[in-house]
file data_0.csv (CSV, C-alpha atoms)
chain,number,residue,atom,x,y,z
K,16,MET,CA,32.1,35.2,30.2
K,17,GLU,CA,29.5,32.6,31.2
K,18,ILE,CA,30.4,28.9,31.0
K,19,PHE,CA,28.3,27.9,28.0
K,20,ASP,CA,29.2,31.0,26.1
K,21,CYS,CA,32.8,30.1,26.5
K,22,ILE,CA,32.2,26.5,25.4
K,23,ALA,CA,30.3,27.8,22.3
K,24,ALA,CA,33.1,30.2,21.5
K,25,VAL,CA,35.9,27.7,21.6
K,26,ALA,CA,34.4,24.4,20.4
K,27,ARG,CA,34.5,25.1,16.7
K,28,PRO,CA,37.9,26.8,16.5
K,29,ILE,CA,39.5,24.0,18.5
K,30,HIS,CA,37.9,21.4,16.3
K,31,ASP,CA,38.7,23.1,13.1
K,32,PHE,CA,42.3,23.8,13.9
K,33,GLY,CA,42.8,20.2,14.8
K,34,ASP,CA,41.1,19.3,11.6
K,35,GLU,CA,43.6,21.3,9.7
K,36,PHE,CA,46.5,19.6,11.4
K,37,MET,CA,45.1,16.1,10.6
K,38,SER,CA,44.5,16.9,7.0
K,39,ASP,CA,47.7,18.8,6.3
K,40,GLU,CA,50.2,17.3,3.9
K,41,ALA,CA,52.9,18.3,6.3
K,42,THR,CA,51.4,16.0,8.9
K,43,ALA,CA,51.3,13.1,6.4
K,44,ALA,CA,55.0,13.9,5.6
K,45,VAL,CA,56.0,13.2,9.2
K,46,GLY,CA,54.4,9.8,8.9
K,47,LEU,CA,56.1,9.1,5.6
K,48,ARG,CA,59.5,10.0,7.1
K,49,ALA,CA,58.8,7.6,10.0
K,50,GLY,CA,58.2,4.7,7.6
K,51,PHE,CA,54.4,4.8,7.2
K,52,SER,CA,53.0,4.2,3.7
K,53,PRO,CA,50.7,6.9,2.1
K,54,GLY,CA,47.2,6.5,3.4
K,55,ARG,CA,45.6,6.3,6.8
K,56,GLY,CA,48.2,4.3,8.6
K,57,PHE,CA,50.0,7.1,10.4
K,58,TYR,CA,46.7,8.8,11.2
K,59,CYS,CA,45.1,5.7,12.7
K,60,ARG,CA,48.1,4.3,14.3
K,61,GLY,CA,49.3,7.6,15.6
K,62,ARG,CA,46.0,9.1,16.9
K,63,PHE,CA,44.7,5.9,18.4
K,64,GLY,CA,48.1,4.5,19.5
K,65,VAL,CA,47.5,5.9,23.0
K,66,LEU,CA,45.1,3.0,23.4
K,67,GLY,CA,48.0,0.5,23.2
K,68,GLU,CA,48.1,-2.7,21.2
K,69,VAL,CA,44.4,-3.4,20.9
K,70,PRO,CA,42.2,-5.2,18.3
K,71,VAL,CA,40.5,-3.2,15.6
K,72,PRO,CA,37.0,-3.5,17.2
K,73,VAL,CA,38.4,-1.8,20.3
K,74,VAL,CA,39.7,1.2,18.3
K,75,GLN,CA,36.4,1.3,16.4
K,76,ALA,CA,34.4,1.3,19.7
K,77,VAL,CA,36.6,4.0,21.4
K,78,GLN,CA,36.6,6.5,18.6
K,79,GLY,CA,33.2,5.8,17.2
K,80,PHE,CA,32.7,8.3,14.4
K,81,LEU,CA,35.1,7.0,11.8
K,82,GLY,CA,33.8,3.9,10.0
K,83,PRO,CA,35.3,0.4,9.9
K,84,ASP,CA,36.3,0.8,6.3
K,85,LEU,CA,38.7,3.5,7.3
K,86,VAL,CA,39.8,2.4,10.8
K,87,ALA,CA,40.5,-1.3,10.1
K,88,PRO,CA,42.9,-0.9,7.2
K,89,GLY,CA,44.5,2.2,8.7
K,90,TRP,CA,45.2,0.6,12.1
K,91,LEU,CA,46.4,-2.7,10.6
K,92,ALA,CA,48.6,-0.9,8.0
K,93,GLY,CA,50.5,0.9,10.7
K,94,ARG,CA,51.0,-2.2,12.9
K,95,SER,CA,54.1,-3.4,11.1
K,96,VAL,CA,55.8,0.1,11.1
K,97,MET,CA,56.1,0.7,14.9
K,98,PRO,CA,54.5,-0.2,18.2
K,99,ALA,CA,51.3,1.7,19.1
K,100,GLU,CA,53.1,3.6,21.9
K,101,ASP,CA,55.9,4.8,19.6
K,102,ALA,CA,53.3,5.7,16.9
K,103,ALA,CA,51.4,7.9,19.4
K,104,SER,CA,54.7,9.6,20.4
K,105,CYS,CA,55.5,10.2,16.7
K,106,TYR,CA,52.0,11.6,16.2
K,107,ALA,CA,52.4,13.9,19.2
K,108,GLN,CA,55.6,15.1,17.7
K,109,ALA,CA,53.8,15.9,14.5
K,110,VAL,CA,51.1,17.8,16.5
K,111,ARG,CA,53.8,20.0,18.1
K,112,GLU,CA,55.7,20.5,14.8
K,113,TRP,CA,52.5,21.7,13.1
K,114,GLY,CA,51.8,24.0,16.0
K,115,ARG,CA,55.2,25.6,15.7
K,116,VAL,CA,54.5,26.4,12.1
K,117,ASN,CA,50.9,27.5,12.3
K,118,ILE,CA,50.3,29.2,15.6
K,119,PRO,CA,50.9,32.9,15.2
K,120,ALA,CA,54.0,34.3,16.8
K,121,ASP,CA,52.4,37.0,18.8
K,122,ILE,CA,50.1,34.8,20.9
K,123,ASP,CA,50.7,34.5,24.7
K,124,VAL,CA,51.0,30.7,24.6
K,125,GLU,CA,52.3,30.6,28.1
K,126,HIS,CA,49.0,32.0,29.4
K,127,PHE,CA,47.0,29.7,27.0
K,128,ASN,CA,48.9,26.7,28.3
K,129,ARG,CA,48.2,27.6,31.9
K,130,LEU,CA,44.4,27.9,31.3
K,131,ALA,CA,44.2,24.9,28.9
K,132,GLN,CA,46.1,22.7,31.4
K,133,GLN,CA,43.7,23.8,34.1
K,134,LEU,CA,40.8,22.6,32.0
K,135,ILE,CA,42.6,19.3,31.1
K,136,ASP,CA,43.5,18.6,34.7
K,137,ALA,CA,39.9,19.2,35.8
K,138,ALA,CA,38.4,16.7,33.4
K,139,ASP,CA,36.9,13.4,34.7
K,140,ALA,CA,38.2,10.9,32.2
K,141,ASP,CA,35.9,8.1,33.2
K,142,ALA,CA,34.4,6.5,30.0
K,143,LEU,CA,36.6,8.8,27.8
K,144,PRO,CA,39.6,6.5,27.1
K,145,LEU,CA,40.9,8.3,24.0
K,146,PHE,CA,41.0,11.6,25.9
K,147,ALA,CA,42.6,9.8,28.9
K,148,GLY,CA,45.3,8.4,26.6
K,149,TRP,CA,46.1,11.8,25.1
K,150,ARG,CA,46.1,13.5,28.5
K,151,ALA,CA,48.7,11.0,29.7
K,152,GLN,CA,51.0,11.7,26.6
K,153,PRO,CA,54.0,13.7,27.8
K,154,CYS,CA,53.9,17.4,26.9
K,155,PRO,CA,57.4,19.0,26.9
K,156,ALA,CA,57.9,22.1,29.0
K,157,ASP,CA,60.7,23.5,26.8
K,158,ASP,CA,58.4,23.8,23.7
K,159,PRO,CA,55.5,26.2,24.7
K,160,VAL,CA,54.2,26.7,21.2
K,161,GLY,CA,54.2,23.0,20.4
K,162,ALA,CA,52.7,22.3,23.8
K,163,ALA,CA,49.9,24.7,23.1
K,164,MET,CA,49.0,22.7,20.0
K,165,GLN,CA,49.2,19.4,21.9
K,166,ARG,CA,46.8,20.8,24.4
K,167,ILE,CA,44.4,21.9,21.7
K,168,HIS,CA,44.5,18.3,20.5
K,169,VAL,CA,43.8,17.0,23.9
K,170,LEU,CA,40.9,19.3,24.4
K,171,ARG,CA,39.6,18.3,21.0
K,172,GLU,CA,39.7,14.7,22.0
K,173,HIS,CA,37.8,15.5,25.2
K,174,ARG,CA,34.9,17.1,23.3
K,175,GLY,CA,34.9,14.3,20.7
K,176,ALA,CA,34.7,11.6,23.4
K,177,CYS,CA,31.9,13.5,25.2
K,178,HIS,CA,30.0,13.9,21.9
K,179,LEU,CA,30.2,10.2,21.3
K,180,ALA,CA,28.8,9.5,24.7
K,181,ALA,CA,26.1,12.1,24.2
K,182,VAL,CA,25.2,10.7,20.8
K,183,ARG,CA,24.7,7.2,22.2
K,184,LEU,CA,22.7,8.6,25.2
K,185,CYS,CA,20.3,10.2,22.7
K,186,GLY,CA,19.7,6.9,21.0
K,187,LEU,CA,21.8,7.6,17.8
K,188,SER,CA,24.5,5.4,16.4
K,189,ALA,CA,27.8,7.0,15.5
K,190,ARG,CA,27.0,6.3,11.8
K,191,GLU,CA,23.7,8.1,12.1
K,192,ALA,CA,25.3,11.1,13.7
K,193,MET,CA,27.9,11.2,10.9
K,194,VAL,CA,25.2,11.2,8.3
K,195,ILE,CA,23.2,13.9,10.0
K,196,ASN,CA,26.3,16.0,10.5
K,197,LEU,CA,28.1,15.5,7.1
K,198,GLY,CA,25.8,13.7,4.7
K,199,VAL,CA,25.8,10.3,3.1
K,200,GLU,CA,28.7,10.9,0.7
K,201,GLN,CA,31.0,12.2,3.5
K,202,ALA,CA,30.0,9.3,5.7
K,203,ILE,CA,31.1,6.9,3.0
K,204,HIS,CA,34.4,8.9,2.6
K,205,TYR,CA,35.0,8.4,6.3
K,206,GLY,CA,34.7,4.7,6.2
K,207,TRP,CA,31.0,3.9,6.7
K,208,PRO,CA,29.8,1.2,4.3
K,209,GLU,CA,26.4,1.9,2.6
K,210,PRO,CA,25.1,4.6,5.0
K,211,HIS,CA,21.5,5.5,4.5
K,212,PRO,CA,19.9,8.9,4.9
K,213,VAL,CA,18.5,9.4,8.3
K,214,THR,CA,14.8,10.1,9.0
K,215,ALA,CA,13.7,13.5,10.2
K,216,PRO,CA,12.7,12.4,13.7
K,217,LEU,CA,16.4,11.6,14.4
K,218,ILE,CA,17.6,15.1,13.9
K,219,PRO,CA,16.3,16.5,17.2
K,220,ARG,CA,18.2,13.7,18.9
K,221,TRP,CA,21.4,14.9,17.3
K,222,ARG,CA,20.6,18.5,18.5
K,223,ARG,CA,20.1,17.1,22.0
K,224,ALA,CA,23.4,15.4,21.8
K,225,GLU,CA,25.1,18.7,21.0
K,226,GLN,CA,23.5,20.2,24.1
K,227,TYR,CA,24.6,17.2,26.2
K,228,THR,CA,28.1,17.5,24.9
K,229,ASP,CA,28.3,21.1,26.1
K,230,GLU,CA,26.9,20.0,29.5
K,231,LEU,CA,29.5,17.2,29.8
K,232,GLN,CA,32.2,19.8,29.1
K,233,ALA,CA,30.8,22.4,31.5
K,234,PRO,CA,32.6,21.0,34.7
K,235,LEU,CA,36.0,21.8,33.1
K,236,TYR,CA,35.0,25.5,32.6
K,237,THR,CA,33.7,25.9,36.1
K,238,THR,CA,37.3,25.9,37.2
K,239,LEU,CA,38.0,29.1,35.4
K,240,THR,CA,36.7,32.5,36.5
K,241,ASP,CA,34.6,34.7,34.3
K,242,ARG,CA,37.6,36.7,33.4
K,243,GLN,CA,39.7,33.6,32.7
K,244,ARG,CA,37.0,32.2,30.4
K,245,THR,CA,37.0,35.4,28.5
K,246,GLU,CA,40.8,35.3,28.2
K,247,PHE,CA,40.7,31.7,27.1
K,248,ALA,CA,38.1,32.3,24.4
K,249,GLN,CA,40.2,35.3,23.1
K,250,LEU,CA,43.4,33.2,23.1
K,251,VAL,CA,41.8,30.3,21.3
K,252,ASP,CA,40.4,32.7,18.7
K,253,ALA,CA,43.8,34.3,18.2
K,254,LEU,CA,45.7,31.1,18.3
K,255,THR,CA,43.6,29.4,15.7
K,256,ALA,CA,43.3,32.4,13.4
K,257,SER,CA,45.5,31.2,10.5
K,258,PRO,CA,44.6,33.0,7.2
K,259,ALA,CA,41.8,31.4,5.2
K,260,TRP,CA,44.1,30.9,2.2
K,261,GLN,CA,46.4,28.9,4.4
K,262,ARG,CA,43.6,26.8,5.8
K,263,GLN,CA,42.4,26.0,2.3
K,264,ALA,CA,45.9,25.1,1.1
K,265,ASN,CA,46.7,23.0,4.1
K,266,SER,CA,43.4,21.0,4.1
K,267,ALA,CA,43.6,18.2,1.6
K,268,GLU,CA,40.3,16.8,3.0
K,269,ARG,CA,38.0,17.6,5.9
K,270,ALA,CA,37.7,15.5,9.0
K,271,PRO,CA,34.5,14.8,10.9
K,272,THR,CA,33.4,17.6,13.1
K,273,ARG,CA,33.8,15.8,16.4
call {"tool": "encode", "arguments": {"input": "data_0.csv", "output": "structure tokens"}}
result
Amino acid sequence: MEIFDCIAAVARPIHDFGDEFMSDEATAAVGLRAGFSPGRGFYCRGRFGVLGEVPVPVVQAVQGFLGPDLVAPGWLAGRSVMPAEDAASCYAQAVREWGRVNIPADIDVEHFNRLAQQLIDAADADALPLFAGWRAQPCPADDPVGAAMQRIHVLREHRGACHLAAVRLCGLSAREAMVINLGVEQAIHYGWPEPHPVTAPLIPRWRRAEQYTDELQAPLYTTLTDRQRTEFAQLVDALTASPAWQRQANSAERAPTR
């Protein structure tokens, strides 16, 4: 399989499977048991806790696509519950727990883990701090299924960080990219105050950003052979193939696509 064919084959399944995890009530329940109140505290404090104890504007700048009306209250609400490092570890535990429930039992997760780790190790993390933080998060060797889900999450963060860089390179703001991708109402839902519809000339910029995102990810996939890329795409497809009814039941809301 060619490099860009593999990227195209795995990008959406990796994103959407992570989307399901983030929006699942089971994930929220882990946060509730850890002491977080209902809302965005566990999500923000857990996902962005790998950045350490940083001010809200830093979180906003690093992740980009979620608006300040979501990030600020979520990050601040979780601060009194536990330190950022502990919240990230708790969130990683939730990632692995969700994977153990939702990854099909007949998947060769050991082979997936080898290929996924090869991609993760090959990544240049310069200017991708959220990805770098998640790559540094310990991944237990005695939990291969949970580790597979954690590696999906890490790869998802890599593409998201690359996409943010590509969006900015193409002259779009993160807010504009969100509106193009999801529409005004969803942009509001994800924390952007009073977003306006974007003008038609901006849409080609977003399409270029998608292309640049693929190009930024390409060096990872050069480390795999043609056969390994085919195997990786097949494994991702099988690993993320939870039934449609389960996806609908698990997804209380949909997250942004990057």
call {"tool": "atom_distance", "arguments": {"input": "data_0.csv", "atom1": "CA of Arg115 (chain K)", "atom2": "CA of Ala99 (chain K)"}}
result
24.5 Å
call {"tool": "residues_around", "arguments": {"input": "data_0.csv", "residues": "region 154-162 of chain K", "least_positions_apart": "5", "cutoff": "9 Å", "atoms": "all atoms listed in the file", "output": "tab-separated table (two decimals) with C-alpha atoms, in the frame of the given file"}}
result
chain	number	residue	atom	x	y	z
K	107	ALA	CA	52.40	13.90	19.20
K	108	GLN	CA	55.60	15.10	17.70
K	110	VAL	CA	51.10	17.80	16.50
K	111	ARG	CA	53.80	20.00	18.10
K	112	GLU	CA	55.70	20.50	14.80
K	113	TRP	CA	52.50	21.70	13.10
K	114	GLY	CA	51.80	24.00	16.00
K	115	ARG	CA	55.20	25.60	15.70
K	116	VAL	CA	54.50	26.40	12.10
K	118	ILE	CA	50.30	29.20	15.60
K	120	ALA	CA	54.00	34.30	16.80
K	124	VAL	CA	51.00	30.70	24.60
K	125	GLU	CA	52.30	30.60	28.10
K	128	ASN	CA	48.90	26.70	28.30
K	167	ILE	CA	44.40	21.90	21.70
call {"tool": "residues_around", "arguments": {"input": "data_0.csv", "residues": "region 58-64 of chain K", "least_positions_apart": "2", "cutoff": "6 Å", "atoms": "all atoms listed in the file", "output": "PyMOL selection string"}}
result
chain K and resi 55-56+66-67+89-90+93+99-100+102-103+106
call {"tool": "atom_distance", "arguments": {"input": "data_0.csv", "atom1": "CA of Asn196 (chain K)", "atom2": "CA of Pro88 (chain K)"}}
result
23.9 Å
call {"tool": "atom_distance", "arguments": {"input": "data_0.csv", "atom1": "CA of Ser95 (chain K)", "atom2": "CA of Gly33 (chain K)"}}
result
26.4 Å
call {"tool": "closest_residue", "arguments": {"input": "data_0.csv", "among": "K:Gly79, K:Asp252, K:Ala151, K:His173", "to": "Arg190 (chain K)", "atoms": "all atoms listed in the file"}}
result
K:Gly79
call {"tool": "residues_around", "arguments": {"input": "data_0.csv", "residues": "region 46-50 of chain K", "least_positions_apart": "3", "cutoff": "8 Å", "atoms": "all atoms listed in the file", "output": "compact mmCIF listing (two decimals) with C-alpha atoms, keeping the file's coordinate frame"}}
result
# COMPACT_ATOMS: atom_id res chain seq x y z
CA THR K 42 51.40 16.00 8.90
CA ALA K 43 51.30 13.10 6.40
CA PRO K 53 50.70 6.90 2.10
CA PHE K 57 50.00 7.10 10.40
CA VAL K 96 55.80 0.10 11.10
CA CYS K 105 55.50 10.20 16.70
CA TYR K 106 52.00 11.60 16.20
call {"tool": "closest_residue", "arguments": {"input": "data_0.csv", "among": "K:Thr255, K:Gln165, K:Ser52, K:Thr245", "to": "Asp20 (chain K)", "atoms": "all atoms listed in the file"}}
result
K:Thr245
call {"tool": "closest_residue", "arguments": {"input": "data_0.csv", "among": "K:Ala76, K:Leu81, K:Leu231, K:Met16", "to": "Tyr205 (chain K)", "atoms": "all atoms listed in the file"}}
result
K:Leu81
call {"tool": "build_atoms", "arguments": {"input": "data_0.csv", "residues": "region 170-181 of chain K", "atoms": "all heavy atoms", "output": "short mmCIF file (atom, residue, chain, number, x, y, z; two decimals), keeping the file's coordinate frame"}}
result
data_model
loop_
_atom_site.label_atom_id
_atom_site.label_comp_id
_atom_site.auth_asym_id
_atom_site.auth_seq_id
_atom_site.Cartn_x
_atom_site.Cartn_y
_atom_site.Cartn_z
N LEU K 170 42.20 18.77 24.18
CA LEU K 170 40.90 19.30 24.40
C LEU K 170 39.91 18.90 23.29
O LEU K 170 38.72 18.66 23.54
CB LEU K 170 40.93 20.84 24.50
CG LEU K 170 41.57 21.38 25.78
CD1 LEU K 170 41.79 22.88 25.67
CD2 LEU K 170 40.70 21.06 27.00
N ARG K 171 40.41 18.80 22.09
CA ARG K 171 39.60 18.30 21.00
C ARG K 171 39.14 16.88 21.22
O ARG K 171 37.99 16.51 20.96
CB ARG K 171 40.38 18.42 19.68
CG ARG K 171 39.59 18.14 18.39
CD ARG K 171 40.52 18.26 17.20
NE ARG K 171 39.81 18.25 15.94
CZ ARG K 171 39.46 17.15 15.26
NH1 ARG K 171 39.73 15.96 15.78
NH2 ARG K 171 38.84 17.24 14.10
N GLU K 172 40.07 16.05 21.72
CA GLU K 172 39.70 14.70 22.00
C GLU K 172 38.70 14.59 23.15
O GLU K 172 37.84 13.70 23.16
CB GLU K 172 40.97 13.85 22.36
CG GLU K 172 41.96 13.68 21.22
CD GLU K 172 41.46 12.77 20.10
OE1 GLU K 172 40.25 12.47 20.03
OE2 GLU K 172 42.30 12.37 19.26
N HIS K 173 38.77 15.52 24.09
CA HIS K 173 37.80 15.50 25.20
C HIS K 173 36.39 15.77 24.63
O HIS K 173 35.45 15.04 24.94
CB HIS K 173 38.13 16.56 26.23
CG HIS K 173 37.20 16.54 27.40
ND1 HIS K 173 36.06 17.32 27.45
CD2 HIS K 173 37.21 15.82 28.55
CE1 HIS K 173 35.42 17.08 28.57
NE2 HIS K 173 36.09 16.18 29.27
N ARG K 174 36.25 16.79 23.80
CA ARG K 174 34.90 17.10 23.30
C ARG K 174 34.43 15.95 22.37
O ARG K 174 33.25 15.58 22.41
CB ARG K 174 34.91 18.41 22.50
CG ARG K 174 33.50 18.77 22.04
CD ARG K 174 33.37 20.18 21.54
NE ARG K 174 31.99 20.44 21.12
CZ ARG K 174 31.01 20.84 21.92
NH1 ARG K 174 31.26 21.05 23.20
NH2 ARG K 174 29.79 21.03 21.46
N GLY K 175 35.32 15.39 21.56
CA GLY K 175 34.90 14.30 20.70
C GLY K 175 34.41 13.09 21.50
O GLY K 175 33.40 12.47 21.14
N ALA K 176 35.11 12.76 22.58
CA ALA K 176 34.70 11.60 23.40
C ALA K 176 33.38 11.93 24.11
O ALA K 176 32.51 11.05 24.22
CB ALA K 176 35.79 11.31 24.43
N CYS K 177 33.21 13.16 24.58
CA CYS K 177 31.90 13.50 25.20
C CYS K 177 30.80 13.48 24.19
O CYS K 177 29.68 13.06 24.51
CB CYS K 177 32.04 14.96 25.78
SG CYS K 177 33.04 15.09 27.27
N HIS K 178 31.09 13.89 22.97
CA HIS K 178 30.00 13.90 21.90
C HIS K 178 29.62 12.47 21.60
O HIS K 178 28.43 12.21 21.40
CB HIS K 178 30.54 14.62 20.70
CG HIS K 178 29.44 14.89 19.71
ND1 HIS K 178 28.31 15.61 20.01
CD2 HIS K 178 29.30 14.52 18.41
CE1 HIS K 178 27.53 15.69 18.95
NE2 HIS K 178 28.11 15.02 17.96
N LEU K 179 30.56 11.56 21.54
CA LEU K 179 30.20 10.20 21.30
C LEU K 179 29.31 9.62 22.36
O LEU K 179 28.30 8.95 22.07
CB LEU K 179 31.49 9.32 21.15
CG LEU K 179 31.28 7.83 20.88
CD1 LEU K 179 30.53 7.59 19.58
CD2 LEU K 179 32.62 7.09 20.87
N ALA K 180 29.64 9.91 23.61
CA ALA K 180 28.80 9.50 24.70
C ALA K 180 27.41 10.10 24.61
O ALA K 180 26.39 9.44 24.84
CB ALA K 180 29.44 9.83 26.05
N ALA K 181 27.35 11.38 24.26
CA ALA K 181 26.10 12.10 24.20
C ALA K 181 25.22 11.53 23.02
O ALA K 181 24.00 11.38 23.15
CB ALA K 181 26.31 13.58 23.98
#
